[in-house]
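The next block is start_9.csv, given as CSV, C-alpha atoms.
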chain,number,residue,atom,x,y,z
J,26,MET,CA,-13.7,-16.4,22.7
J,27,THR,CA,-14.8,-14.7,25.9
J,28,THR,CA,-18.4,-15.0,27.3
J,29,ASP,CA,-18.9,-11.8,29.4
J,30,HIS,CA,-20.9,-10.1,26.6
J,31,ASP,CA,-24.0,-11.1,24.7
J,32,TRP,CA,-22.2,-11.4,21.4
J,33,ILE,CA,-23.8,-10.8,18.1
J,34,THR,CA,-21.9,-12.5,15.2
J,35,THR,CA,-21.9,-10.8,11.9
J,36,PRO,CA,-21.3,-13.5,9.2
J,37,ILE,CA,-18.1,-13.2,7.2
J,38,THR,CA,-19.6,-13.7,3.8
J,39,THR,CA,-19.0,-11.8,0.6
J,40,PRO,CA,-22.3,-9.8,0.4
J,41,ILE,CA,-22.2,-8.8,4.1
J,42,THR,CA,-18.5,-8.2,4.5
J,43,ALA,CA,-18.3,-6.3,1.2
J,44,GLY,CA,-20.6,-3.7,2.7
J,45,LEU,CA,-18.3,-3.2,5.7
J,46,LEU,CA,-14.9,-3.4,3.9
J,47,ARG,CA,-13.2,-0.6,2.2
J,48,GLY,CA,-9.9,-0.5,0.3
J,49,ALA,CA,-10.1,-4.0,-1.2
J,50,LEU,CA,-10.8,-4.7,-4.8
J,51,ASP,CA,-11.9,-8.4,-4.3
J,52,LEU,CA,-12.8,-10.9,-1.6
J,53,GLU,CA,-11.7,-14.5,-1.9
J,54,PRO,CA,-13.7,-17.2,0.0
J,55,THR,CA,-11.4,-19.5,1.9
J,56,GLU,CA,-11.7,-22.5,4.2
J,57,HIS,CA,-11.8,-20.1,7.2
J,58,GLY,CA,-13.7,-17.0,5.9
J,59,LEU,CA,-12.6,-14.3,3.4
J,60,LEU,CA,-9.2,-13.1,2.2
J,61,PRO,CA,-9.2,-9.4,1.0
J,62,HIS,CA,-7.2,-8.8,-2.2
J,63,ARG,CA,-6.0,-5.5,-3.6
J,64,LEU,CA,-6.0,-6.8,-7.2
J,65,PRO,CA,-9.0,-8.5,-8.8
J,66,ALA,CA,-9.1,-12.2,-9.7
J,67,ARG,CA,-8.5,-11.6,-13.4
J,68,ALA,CA,-5.3,-9.7,-12.6
J,69,ARG,CA,-4.2,-12.3,-10.0
J,70,ARG,CA,-4.4,-15.0,-12.7
J,71,GLN,CA,-1.7,-13.0,-14.6
J,72,ILE,CA,0.7,-12.5,-11.7
J,73,PRO,CA,4.1,-13.7,-12.8
J,74,ASP,CA,5.8,-14.2,-9.4
J,75,GLY,CA,5.2,-14.9,-5.7
J,76,GLN,CA,6.4,-11.5,-4.6
J,77,LEU,CA,3.5,-9.7,-6.2
J,78,ALA,CA,1.1,-12.4,-5.1
J,79,MET,CA,2.1,-11.9,-1.5
J,80,ALA,CA,2.1,-8.1,-1.8
J,81,GLU,CA,-1.3,-7.7,-3.2
J,82,ALA,CA,-2.8,-10.0,-0.5
J,83,GLN,CA,-1.3,-7.9,2.2
J,84,PRO,CA,-4.2,-5.5,3.0
J,85,SER,CA,-2.5,-2.1,3.1
J,86,GLY,CA,-5.2,0.5,3.4
J,87,VAL,CA,-8.0,-2.1,3.8
J,88,ARG,CA,-10.3,-1.6,6.8
J,89,LEU,CA,-13.6,-2.7,8.2
J,90,VAL,CA,-15.9,0.3,8.7
J,91,PHE,CA,-19.3,0.1,10.5
J,92,ARG,CA,-21.7,2.0,12.7
J,93,THR,CA,-22.7,0.5,16.0
J,94,ARG,CA,-23.6,1.1,19.7
J,95,ALA,CA,-21.3,-1.8,20.7
J,96,THR,CA,-19.0,-1.3,23.7
J,97,ALA,CA,-16.8,-4.3,22.7
J,98,VAL,CA,-15.7,-5.8,19.4
J,99,GLU,CA,-13.9,-9.1,18.7
J,100,LEU,CA,-12.4,-9.9,15.3
J,101,ASP,CA,-11.1,-13.4,14.5
J,102,THR,CA,-8.4,-13.6,11.8
J,103,LEU,CA,-5.9,-16.0,10.4
J,104,PRO,CA,-2.7,-14.0,9.7
J,105,THR,CA,0.2,-15.2,7.6
J,106,LYS,CA,3.5,-14.2,9.2
J,107,LEU,CA,6.7,-13.8,7.2
J,108,VAL,CA,9.7,-15.7,8.6
J,109,TYR,CA,13.1,-15.1,7.1
J,110,VAL,CA,15.7,-17.8,7.6
J,111,GLY,CA,18.6,-16.6,9.7
J,112,ALA,CA,16.9,-13.3,10.8
J,113,PRO,CA,15.2,-12.5,14.1
J,114,PRO,CA,11.4,-12.9,14.2
J,115,ARG,CA,9.5,-10.1,12.6
J,116,PRO,CA,7.0,-8.2,14.8
J,117,ASP,CA,3.4,-9.2,14.6
J,118,GLY,CA,1.2,-7.1,12.2
J,119,VAL,CA,-0.5,-4.1,13.7
J,120,TYR,CA,-4.3,-3.6,13.7
J,121,GLU,CA,-5.5,-0.1,14.5
J,122,TRP,CA,-8.9,1.2,15.6
J,123,VAL,CA,-10.3,4.5,14.7
J,124,VAL,CA,-13.5,5.7,16.3
J,125,ASP,CA,-15.4,8.7,14.9
J,126,GLY,CA,-12.3,9.7,13.0
J,127,ARG,CA,-9.9,9.6,16.0
J,128,PRO,CA,-7.2,6.9,16.8
J,129,ALA,CA,-8.5,4.7,19.6
J,130,GLY,CA,-6.0,1.9,20.0
J,131,GLN,CA,-4.0,-0.9,18.3
J,132,GLY,CA,-3.3,-4.6,18.8
J,133,SER,CA,-2.0,-7.7,17.1
J,134,VAL,CA,-3.0,-11.3,16.5
J,135,VAL,CA,-0.4,-13.8,17.5
J,136,GLY,CA,0.1,-17.2,15.8
J,137,GLY,CA,-1.4,-18.0,12.4
J,138,ASN,CA,0.3,-19.3,9.3
J,139,ALA,CA,3.9,-18.8,8.6
J,140,LYS,CA,5.6,-18.3,5.2
J,141,VAL,CA,9.2,-19.2,5.7
J,142,ILE,CA,11.5,-17.6,3.1
J,143,ASP,CA,15.2,-18.3,2.6
J,144,LEU,CA,16.5,-15.1,1.0
J,145,THR,CA,19.7,-16.8,-0.1
J,146,SER,CA,18.2,-19.7,-2.0
J,147,GLY,CA,14.7,-18.3,-2.7
J,148,ALA,CA,13.0,-21.3,-1.2
J,149,VAL,CA,9.6,-20.7,0.4
J,150,GLU,CA,7.7,-23.0,2.8
J,151,THR,CA,4.2,-22.4,4.2
J,152,ARG,CA,3.3,-23.8,7.7
J,153,SER,CA,-0.3,-23.9,8.9
J,154,GLY,CA,-1.3,-22.2,12.1
J,155,ALA,CA,-4.4,-21.3,14.2
J,156,VAL,CA,-6.9,-18.5,14.0
J,157,GLY,CA,-6.4,-15.8,16.6
J,158,THR,CA,-8.7,-13.1,18.2
J,159,LEU,CA,-8.3,-9.4,18.4
J,160,ARG,CA,-10.4,-7.7,21.1
J,161,PHE,CA,-11.3,-4.0,21.5
J,162,ASP,CA,-13.5,-2.9,24.4
J,163,GLY,CA,-14.3,0.0,26.7
J,164,LEU,CA,-16.2,1.9,24.0
J,165,SER,CA,-19.0,4.2,24.8
J,166,ASP,CA,-22.5,2.8,24.3
J,167,GLY,CA,-23.5,5.7,21.9
J,168,VAL,CA,-23.8,5.4,18.2
J,169,LYS,CA,-20.3,5.7,16.6
J,170,ASP,CA,-18.4,4.9,13.4
J,171,VAL,CA,-15.7,2.3,14.0
J,172,GLU,CA,-12.8,1.5,11.6
J,173,ILE,CA,-10.6,-1.5,12.1
J,174,TRP,CA,-7.5,-1.1,9.8
J,175,LEU,CA,-5.9,-4.4,8.9
J,176,PRO,CA,-2.1,-4.8,9.1
J,177,HIS,CA,-0.5,-3.3,6.0
J,178,ASN,CA,2.2,-5.9,5.8
J,179,GLU,CA,0.6,-9.1,6.9
J,180,ILE,CA,-1.8,-11.3,4.9
J,181,THR,CA,-5.0,-11.4,6.9
J,182,GLU,CA,-8.0,-13.8,6.4
J,183,LEU,CA,-11.2,-12.5,8.0
J,184,VAL,CA,-12.9,-15.3,10.0
J,185,ALA,CA,-15.5,-13.8,12.4
J,186,LEU,CA,-16.7,-10.4,13.7
J,187,ARG,CA,-18.5,-10.3,17.0
J,188,THR,CA,-20.0,-7.3,18.8
J,189,ASP,CA,-22.3,-6.7,21.8
J,190,ALA,CA,-24.7,-4.6,19.7
J,191,PRO,CA,-25.7,-4.8,16.0
J,192,VAL,CA,-23.5,-3.3,13.3
J,193,GLU,CA,-24.5,-1.7,10.0
J,194,PRO,CA,-22.4,-0.2,7.2
J,195,ALA,CA,-21.3,3.3,8.0
J,196,PRO,CA,-23.1,5.9,5.9
J,197,ASP,CA,-21.5,7.5,2.9
J,198,ARG,CA,-20.0,10.8,4.0
J,199,GLY,CA,-19.6,12.0,0.5
J,200,ARG,CA,-15.8,11.9,0.6
J,201,LYS,CA,-13.9,11.6,-2.6
J,202,VAL,CA,-12.1,8.3,-3.4
J,203,TRP,CA,-8.4,8.5,-4.0
J,204,LEU,CA,-6.9,5.5,-5.9
J,205,HIS,CA,-3.1,5.3,-5.6
J,206,HIS,CA,-0.5,2.9,-7.1
J,207,GLY,CA,3.2,2.7,-6.2
J,208,SER,CA,6.0,0.6,-4.8
J,209,SER,CA,6.8,-0.8,-1.3
J,210,ILE,CA,7.2,2.8,-0.1
J,211,SER,CA,3.5,3.4,-1.0
J,212,HIS,CA,2.7,-0.1,0.4
J,213,GLY,CA,4.0,0.9,3.8
J,214,SER,CA,7.6,-0.4,4.0
J,215,ASP,CA,8.7,0.4,7.6
J,216,ALA,CA,5.6,2.5,8.6
J,217,ALA,CA,4.6,2.2,12.3
J,218,GLY,CA,1.1,0.8,11.4
J,219,PRO,CA,-1.6,0.8,8.8
J,220,THR,CA,-2.9,4.3,9.4
J,221,SER,CA,0.7,5.6,9.4
J,222,THR,CA,1.8,4.6,5.8
J,223,TRP,CA,2.3,7.8,3.9
J,224,PRO,CA,-0.8,7.3,1.7
J,225,ALA,CA,-3.0,6.6,4.7
J,226,LEU,CA,-1.7,9.7,6.5
J,227,ALA,CA,-2.2,11.9,3.4
J,228,ALA,CA,-5.7,10.6,2.9
J,229,SER,CA,-6.6,11.3,6.6
J,230,LEU,CA,-5.3,14.8,6.4
J,231,ALA,CA,-7.1,15.5,3.1
J,232,GLY,CA,-10.4,13.8,4.2
J,233,VAL,CA,-10.6,11.3,1.3
J,234,GLU,CA,-11.2,7.6,1.1
J,235,LEU,CA,-8.1,5.6,0.2
J,236,ILE,CA,-7.7,2.7,-2.1
J,237,ASN,CA,-4.0,1.8,-1.9
J,238,LEU,CA,-2.5,-0.2,-4.7
J,239,GLY,CA,1.1,0.3,-3.4
J,240,LEU,CA,2.5,-3.2,-4.2
J,241,GLY,CA,5.9,-4.0,-2.6
J,242,GLY,CA,8.5,-4.6,-5.4
J,243,SER,CA,5.8,-4.6,-8.1
J,244,ALA,CA,5.2,-1.0,-9.4
J,245,LEU,CA,6.4,-2.3,-12.8
J,246,LEU,CA,3.9,-0.7,-15.2
J,247,ASP,CA,2.1,-4.1,-15.4
J,248,PRO,CA,-0.9,-3.9,-17.8
J,249,PHE,CA,-3.1,-5.9,-15.4
J,250,THR,CA,-2.5,-3.3,-12.7
J,251,ALA,CA,-3.5,-0.5,-15.2
J,252,ARG,CA,-6.7,-2.4,-16.1
J,253,ALA,CA,-7.5,-2.8,-12.4
J,254,MET,CA,-7.2,0.9,-12.0
J,255,ARG,CA,-9.2,1.5,-15.1
J,256,ASP,CA,-12.1,-0.5,-13.7
J,257,THR,CA,-12.0,0.9,-10.2
J,258,ALA,CA,-14.3,3.8,-9.4
J,259,ALA,CA,-12.3,6.8,-8.2
J,260,ASP,CA,-12.4,10.6,-8.0
J,261,LEU,CA,-8.7,11.1,-7.8
J,262,ILE,CA,-5.9,8.9,-9.2
J,263,SER,CA,-2.1,8.9,-8.7
J,264,VAL,CA,0.7,6.7,-9.9
J,265,LYS,CA,4.2,6.7,-8.5
J,266,ILE,CA,6.6,5.3,-11.0
J,267,GLY,CA,10.3,4.5,-11.0
J,268,ILE,CA,12.1,2.8,-8.1
J,269,ASN,CA,11.0,-0.7,-8.8
J,270,LEU,CA,11.9,-0.5,-12.4
J,271,VAL,CA,15.5,0.3,-11.4
J,272,ASN,CA,15.5,-2.2,-8.5
J,273,ALA,CA,14.5,-5.0,-10.9
J,274,ASP,CA,16.5,-3.7,-13.9
J,275,ALA,CA,13.2,-4.4,-15.7
J,276,MET,CA,13.6,-2.4,-18.9
J,277,ARG,CA,15.7,0.1,-20.8
J,278,LEU,CA,14.8,3.6,-21.8
J,279,ARG,CA,13.5,2.5,-25.2
J,280,ALA,CA,10.8,0.4,-23.6
J,281,PHE,CA,10.1,2.7,-20.6
J,282,GLY,CA,8.5,5.6,-22.4
J,283,PRO,CA,6.0,3.5,-24.4
J,284,ALA,CA,5.2,1.5,-21.3
J,285,VAL,CA,4.4,4.7,-19.4
J,286,HIS,CA,2.2,5.9,-22.2
J,287,GLY,CA,0.4,2.5,-22.4
J,288,PHE,CA,-0.2,2.4,-18.6
J,289,LEU,CA,-1.7,5.9,-18.7
J,290,ASP,CA,-3.7,5.2,-21.8
J,291,THR,CA,-5.3,2.2,-20.1
J,292,VAL,CA,-6.1,4.2,-16.9
J,293,ARG,CA,-7.6,7.0,-19.1
J,294,ASP,CA,-9.8,4.4,-20.9
J,295,GLY,CA,-11.8,4.2,-17.6
J,296,HIS,CA,-11.2,7.7,-16.2
J,297,PRO,CA,-11.0,10.1,-19.2
J,298,THR,CA,-11.2,13.3,-17.1
J,299,THR,CA,-10.4,12.3,-13.6
J,300,PRO,CA,-7.5,14.2,-12.0
J,301,LEU,CA,-4.5,12.0,-12.6
J,302,LEU,CA,-1.1,12.7,-11.0
J,303,VAL,CA,2.2,11.1,-12.1
J,304,VAL,CA,4.7,11.1,-9.2
J,305,SER,CA,8.4,10.5,-10.0
J,306,PRO,CA,10.8,8.8,-7.6
J,307,LEU,CA,11.7,10.1,-4.2
J,308,LEU,CA,15.3,10.8,-3.6
J,309,CYS,CA,17.3,7.6,-3.2
J,310,PRO,CA,21.1,8.2,-3.5
J,311,LEU,CA,21.7,4.5,-4.1
J,312,HIS,CA,20.1,4.7,-7.6
J,313,GLU,CA,20.2,8.4,-8.5
J,314,ASP,CA,23.0,7.8,-11.0
J,315,THR,CA,23.6,4.0,-10.7
J,316,PRO,CA,21.4,1.6,-12.5
J,317,GLY,CA,20.0,-1.6,-11.0
J,318,PRO,CA,19.5,-4.3,-10.3
J,319,THR,CA,19.3,-3.9,-6.5
J,320,ALA,CA,20.7,-6.7,-4.3
J,321,PRO,CA,20.2,-7.4,-0.6
J,322,ASP,CA,23.3,-7.3,1.7
J,323,PHE,CA,22.8,-10.2,4.1
J,324,SER,CA,25.9,-9.5,6.2
J,325,ASP,CA,24.0,-8.2,9.2
J,326,LEU,CA,20.8,-10.3,8.7
J,327,GLY,CA,21.4,-12.2,12.0
J,328,ALA,CA,21.1,-8.9,13.8
J,329,GLY,CA,17.9,-8.0,12.1
J,330,ARG,CA,19.5,-5.5,9.7
J,331,LEU,CA,19.1,-5.8,6.0
J,332,ARG,CA,20.6,-3.3,3.6
J,333,PHE,CA,20.6,-2.9,-0.2
J,334,VAL,CA,23.3,-2.3,-2.7
J,335,ALA,CA,23.3,-1.2,-6.3
J,336,MET,CA,24.7,-3.7,-8.7
J,337,GLY,CA,24.7,-1.7,-11.9
J,338,ASP,CA,27.5,0.5,-13.4
J,339,PRO,CA,26.8,4.2,-14.0
J,340,ALA,CA,28.5,3.8,-17.5
J,341,GLU,CA,25.6,1.6,-18.5
J,342,ARG,CA,23.3,4.6,-18.7
J,343,ALA,CA,24.8,5.1,-22.2
J,344,SER,CA,23.2,1.9,-23.3
J,345,GLY,CA,19.8,2.9,-22.0
J,346,LYS,CA,19.8,1.5,-18.5
J,347,LEU,CA,17.5,3.4,-16.1
J,348,THR,CA,18.4,5.4,-13.1
J,349,LEU,CA,16.2,7.6,-11.0
J,350,ARG,CA,17.4,10.8,-12.7
J,351,VAL,CA,16.7,9.4,-16.1
J,352,ILE,CA,13.2,8.3,-15.0
J,353,ARG,CA,12.4,11.7,-13.5
J,354,ASP,CA,13.4,13.5,-16.7
J,355,GLU,CA,11.5,11.1,-18.9
J,356,LEU,CA,8.3,11.3,-16.8
J,357,ALA,CA,8.4,15.1,-16.8
J,358,ARG,CA,8.7,15.0,-20.6
J,359,ILE,CA,5.9,12.5,-21.0
J,360,VAL,CA,3.5,14.4,-18.8
J,361,GLU,CA,4.3,17.7,-20.4
J,362,GLN,CA,3.6,16.2,-23.8
J,363,ARG,CA,0.3,14.5,-22.8
J,364,ALA,CA,-0.9,17.5,-20.8
J,365,ALA,CA,-1.2,19.5,-23.9
J,366,GLU,CA,-4.3,17.4,-24.7
J,367,ASP,CA,-5.1,16.3,-21.2
J,368,PRO,CA,-5.6,19.2,-18.8
J,369,ASN,CA,-6.4,16.9,-15.9
J,370,LEU,CA,-3.0,15.2,-16.0
J,371,HIS,CA,-0.4,16.5,-13.6
J,372,HIS,CA,3.2,15.8,-12.5
J,373,LEU,CA,5.0,15.9,-9.2
J,374,ASP,CA,8.7,15.5,-8.8
J,375,GLY,CA,9.1,13.0,-5.9
J,376,ARG,CA,12.0,15.0,-4.5
J,377,GLY,CA,9.4,17.5,-3.4
J,378,LEU,CA,8.2,14.8,-1.0
J,379,TYR,CA,11.6,13.6,0.1
J,380,GLY,CA,14.8,15.3,-1.2
J,381,GLU,CA,18.4,15.9,-0.3
J,382,ALA,CA,17.7,17.9,2.9
J,383,ASP,CA,15.3,15.3,4.1
J,384,PHE,CA,17.9,12.5,3.4
J,385,ALA,CA,20.4,14.4,5.5
J,386,GLU,CA,18.0,14.6,8.4
J,387,LEU,CA,16.1,11.3,7.9
J,388,PRO,CA,18.3,8.9,6.0
J,389,LEU,CA,16.9,5.7,4.6
J,390,PRO,CA,17.9,3.0,7.1
J,391,ASP,CA,18.4,0.3,4.5
J,392,GLN,CA,19.4,2.7,1.7
J,393,LEU,CA,16.0,2.1,0.0
J,394,HIS,CA,12.9,2.4,2.3
J,395,PRO,CA,11.8,5.3,4.6
J,396,ASP,CA,11.2,4.7,8.3
J,397,ALA,CA,8.1,5.7,10.3
J,398,ALA,CA,9.1,9.3,10.8
J,399,THR,CA,9.8,9.7,7.1
J,400,HIS,CA,6.5,8.2,6.2
J,401,ARG,CA,4.9,10.9,8.2
J,402,ARG,CA,6.9,13.6,6.5
J,403,ILE,CA,6.0,12.3,3.0
J,404,GLY,CA,2.3,12.0,3.9
J,405,GLU,CA,2.2,15.5,5.2
J,406,ARG,CA,4.1,16.9,2.2
J,407,PHE,CA,1.8,15.1,-0.2
J,408,ALA,CA,-1.3,16.4,1.5
J,409,GLU,CA,0.1,19.9,1.5
J,410,LEU,CA,1.3,19.9,-2.1
J,411,VAL,CA,-1.4,17.9,-3.8
J,412,PHE,CA,-4.6,18.6,-1.9
J,413,ASN,CA,-4.1,22.3,-1.4
J,414,ALA,CA,-6.1,24.9,-3.3
J,415,ARG,CA,-3.6,25.0,-6.2
J,416,GLY,CA,-2.7,21.3,-6.1
J,417,ALA,CA,-3.5,18.5,-8.6
J,418,PHE,CA,-6.3,17.3,-6.3
J,419,ALA,CA,-7.7,20.7,-5.3
Can the structure from this file be put into structure tokens for me?
Amino acid sequence: MTTDHDWITTPITTPITAGLLRGALDLEPTEHGLLPHRLPARARRQIPDGQLAMAEAQPSGVRLVFRTRATAVELDTLPTKLVYVGAPPRPDGVYEWVVDGRPAGQGSVVGGNAKVIDLTSGAVETRSGAVGTLRFDGLSDGVKDVEIWLPHNEITELVALRTDAPVEPAPDRGRKVWLHHGSSISHGSDAAGPTSTWPALAASLAGVELINLGLGGSALLDPFTARAMRDTAADLISVKIGINLVNADAMRLRAFGPAVHGFLDTVRDGHPTTPLLVVSPLLCPLHEDTPGPTAPDFSDLGAGRLRFVAMGDPAERASGKLTLRVIRDELARIVEQRAAEDPNLHHLDGRGLYGEADFAELPLPDQLHPDAATHRRIGERFAELVFNARGAFA
């Protein structure tokens, strides 16, 4: 900690931090401070695997927001880095600052805990590390609203917030709250930073407050996720369904339709008239006509390149195996059927966000996930199609 400022420490405790934190559904007290979660405790107790437990604790869309005259800010955090055996080190998670709505810088916290994952055996080991400090200075001494966006892909425990002037919660600007659920693509996959995931970009362009329940590998129509959405205050809701169901080979067509109905029914129990948008899968040639499961190709892992391959057989569609085309058709049918009694339910074909022409120009580097430029295109398209005067979120 530096000493060239008269620092004021804002305690990292649940009542205080909750007033400054947006985008999280729960705050868990830890030995060091608080861990933001994107699923509530009741849902976390029902999580069946480590993948979802890790994904929901990565704070995609979570940010500290406060009003202050401070010229310098320090944030102590304890990150948990992912280390893959046999692969080059991953870059440190990116924190981004936004001041009065404008990008103002970024940084990282080195060190921290390490979760060491052996992709070939599935073994996971956690190694303890030290708290690190992120510093941001050179701010004007006038009153301003500061946002610190936490890394979208790195578990982040909040330990201490220091400023050289008092902080208070930023005032409510009357912006609508958009609650979104989707896969790793919505989580952020290979986005450049937390404000550059496609949902964060779309929210910024539309002037809405984002709660991002994009959960890498885990958009699987889980009932506990539907209940979390049911119980979360929101003005606009979207669910992006499909790719993870194929990746995991999680169900057949017979189970898929009722599961979609059940998920939407649960969301509607808490939000009976809220605009609700169902988004079908983006184009992904890997699984357009070939079922899952999806498997990683480790042949270039040592060079830092991971690709994915489809393990299913197109002939298995006859037995009810899901592909992206099958899912798109079924989602369109379900939404059309339900919309006869639910005028606030809408459908968007995901290929309108990323389709064949986009794939030709901006191919998916690992055959599954968009890169940073593609995140920007998807976010801009979503804002244009959904938030315009004739869109689902007009």
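Between CA of Gly242 (chain J) and CA of Pro73 (chain J) there is a distance of 12.5 Å.
Surrounding region 161-164 of chain J within 6 Å are Thr96, Ala97 and Val98 of chain J, with only C-alpha atoms counted and residues fewer than 5 positions along the same chain left out.
Closest approach to Ala95 (chain J) among J:Leu378, J:Ile33, J:Val334, J:Ala364: J:Ile33, based on all atoms listed in the file.
Of note, CA of Ile180 (chain J) and CA of Leu52 (chain J) are spaced 12.8 Å apart.
Computed from the coordinates, the CA of Thr181 (chain J) to CA of Tyr120 (chain J) distance equals 10.4 Å.
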- [ ] Within 9 Å of Thr399 (chain J), counting only C-alpha atoms, which residues show up once you throw out same-chain ones fewer than 6 positions away? Write them as a list in words, please.
- [x] Ala216, Trp223, Tyr379, Asp383, Leu387, Pro388 and Leu389 of chain J
Open item on the list: Would you pick out the contacts of Gly118 (chain J) at 6 Å or less, using only C-alpha atoms, so that residues sharing its chain but fewer than 2 positions from it are not included, and give the list as a VMD selection string?
Closed with: chain J and resid 133 176 179
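Compared by their closest atoms to Pro224 (chain J), and using only C-alpha atoms, the residues J:Asp31, J:Asp170, J:Glu405, J:Asp117 rank with J:Glu405 nearest.
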Select from region 215-234 of chain J every residue with an atom at most 12 Å from any atom of region 245-268 of chain J, then for each give the shortest pair of atoms and their distance in Å to one decimal, using all atoms listed in the file, rows by chain and rising number, as JSON lines.
{"residue": "J:Pro224", "atom": "CA", "partner": "J:Ser263", "partner_atom": "CA", "distance": 10.6}
{"residue": "J:Ala228", "atom": "CA", "partner": "J:Leu261", "partner_atom": "CA", "distance": 11.1}
{"residue": "J:Ala231", "atom": "CA", "partner": "J:Leu261", "partner_atom": "CA", "distance": 11.9}
{"residue": "J:Val233", "atom": "CA", "partner": "J:Leu261", "partner_atom": "CA", "distance": 9.3}
{"residue": "J:Glu234", "atom": "CA", "partner": "J:Ala259", "partner_atom": "CA", "distance": 9.4}
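Proximity of J:Phe281, J:Trp32, J:Phe91, J:Tyr109 to Leu331 (chain J), computed with all atoms listed in the file, is greatest for J:Tyr109.
Residues lying within 10 Å of Pro306 (chain J), counting all atoms listed in the file and ignoring same-chain neighbours fewer than 3 positions away, are Gly207, Ser208, Lys265, Ile266, Gly267, Ile268, Asn269, Val303, Cys309, Glu313, Thr348, Leu349, Arg350, Ile352, Arg353, Leu356, Leu373, Asp374, Gly375, Arg376, Gly377, Leu378, Tyr379 and Gly380 of chain J.
For the choices J:Gln392, J:Asn138, J:Asn178, J:Thr158, the atom-to-atom distance to Pro219 (chain J) is smallest for J:Asn178 when using only C-alpha atoms.
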Could you list, as a compact mmCIF listing (two decimals) with C-alpha atoms, keeping the file's coordinate frame, every residue within 8 Å of Gly345 (chain J), counting all atoms listed in the file and ignoring same-chain residues fewer than 3 positions away?
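Result written to out_20.txt:
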# COMPACT_ATOMS: atom_id res chain seq x y z
CA ARG J 277 15.70 0.10 -20.80
CA LEU J 278 14.80 3.60 -21.80
CA ARG J 279 13.50 2.50 -25.20
CA GLU J 341 25.60 1.60 -18.50
CA ARG J 342 23.30 4.60 -18.70
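Proximity to Ala244 (chain J) was assessed for J:Leu60, J:Ala80, J:Leu308, J:Leu107 counting all atoms listed in the file; the smallest distance is recorded for J:Ala80.
Restricting the calculation to only C-alpha atoms, the smallest distance between Val90 (chain J) and any of J:Leu59, J:Asp189, J:Asp197, J:Asp143 is found for J:Asp197.
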Set out as CSV a contact list for region 139-218 of chain J and region 36-45 of chain J with a cut-off of 12 Å, giving each residue of region 139-218 of chain J that qualifies its closest atom pair and distance in Å to one decimal, counting only C-alpha atoms, ordered by chain and rising residue number.
residue,atom,partner,partner_atom,distance
J:Asp170,CA,J:Leu45,CA,11.2
J:Val171,CA,J:Leu45,CA,10.3
J:Glu172,CA,J:Leu45,CA,9.3
J:Ile173,CA,J:Leu45,CA,10.2
J:Trp174,CA,J:Leu45,CA,11.7
J:Glu182,CA,J:Ile37,CA,10.1
J:Leu183,CA,J:Ile37,CA,7.0
J:Val184,CA,J:Ile37,CA,6.3
J:Ala185,CA,J:Ile37,CA,5.8
J:Leu186,CA,J:Pro36,CA,7.1
J:Arg187,CA,J:Pro36,CA,8.9
J:Thr188,CA,J:Pro36,CA,11.5
J:Pro191,CA,J:Pro36,CA,11.9
J:Val192,CA,J:Leu45,CA,9.2
J:Glu193,CA,J:Leu45,CA,7.7
J:Pro194,CA,J:Leu45,CA,5.3
J:Ala195,CA,J:Leu45,CA,7.5
J:Pro196,CA,J:Leu45,CA,10.3
J:Asp197,CA,J:Gly44,CA,11.2
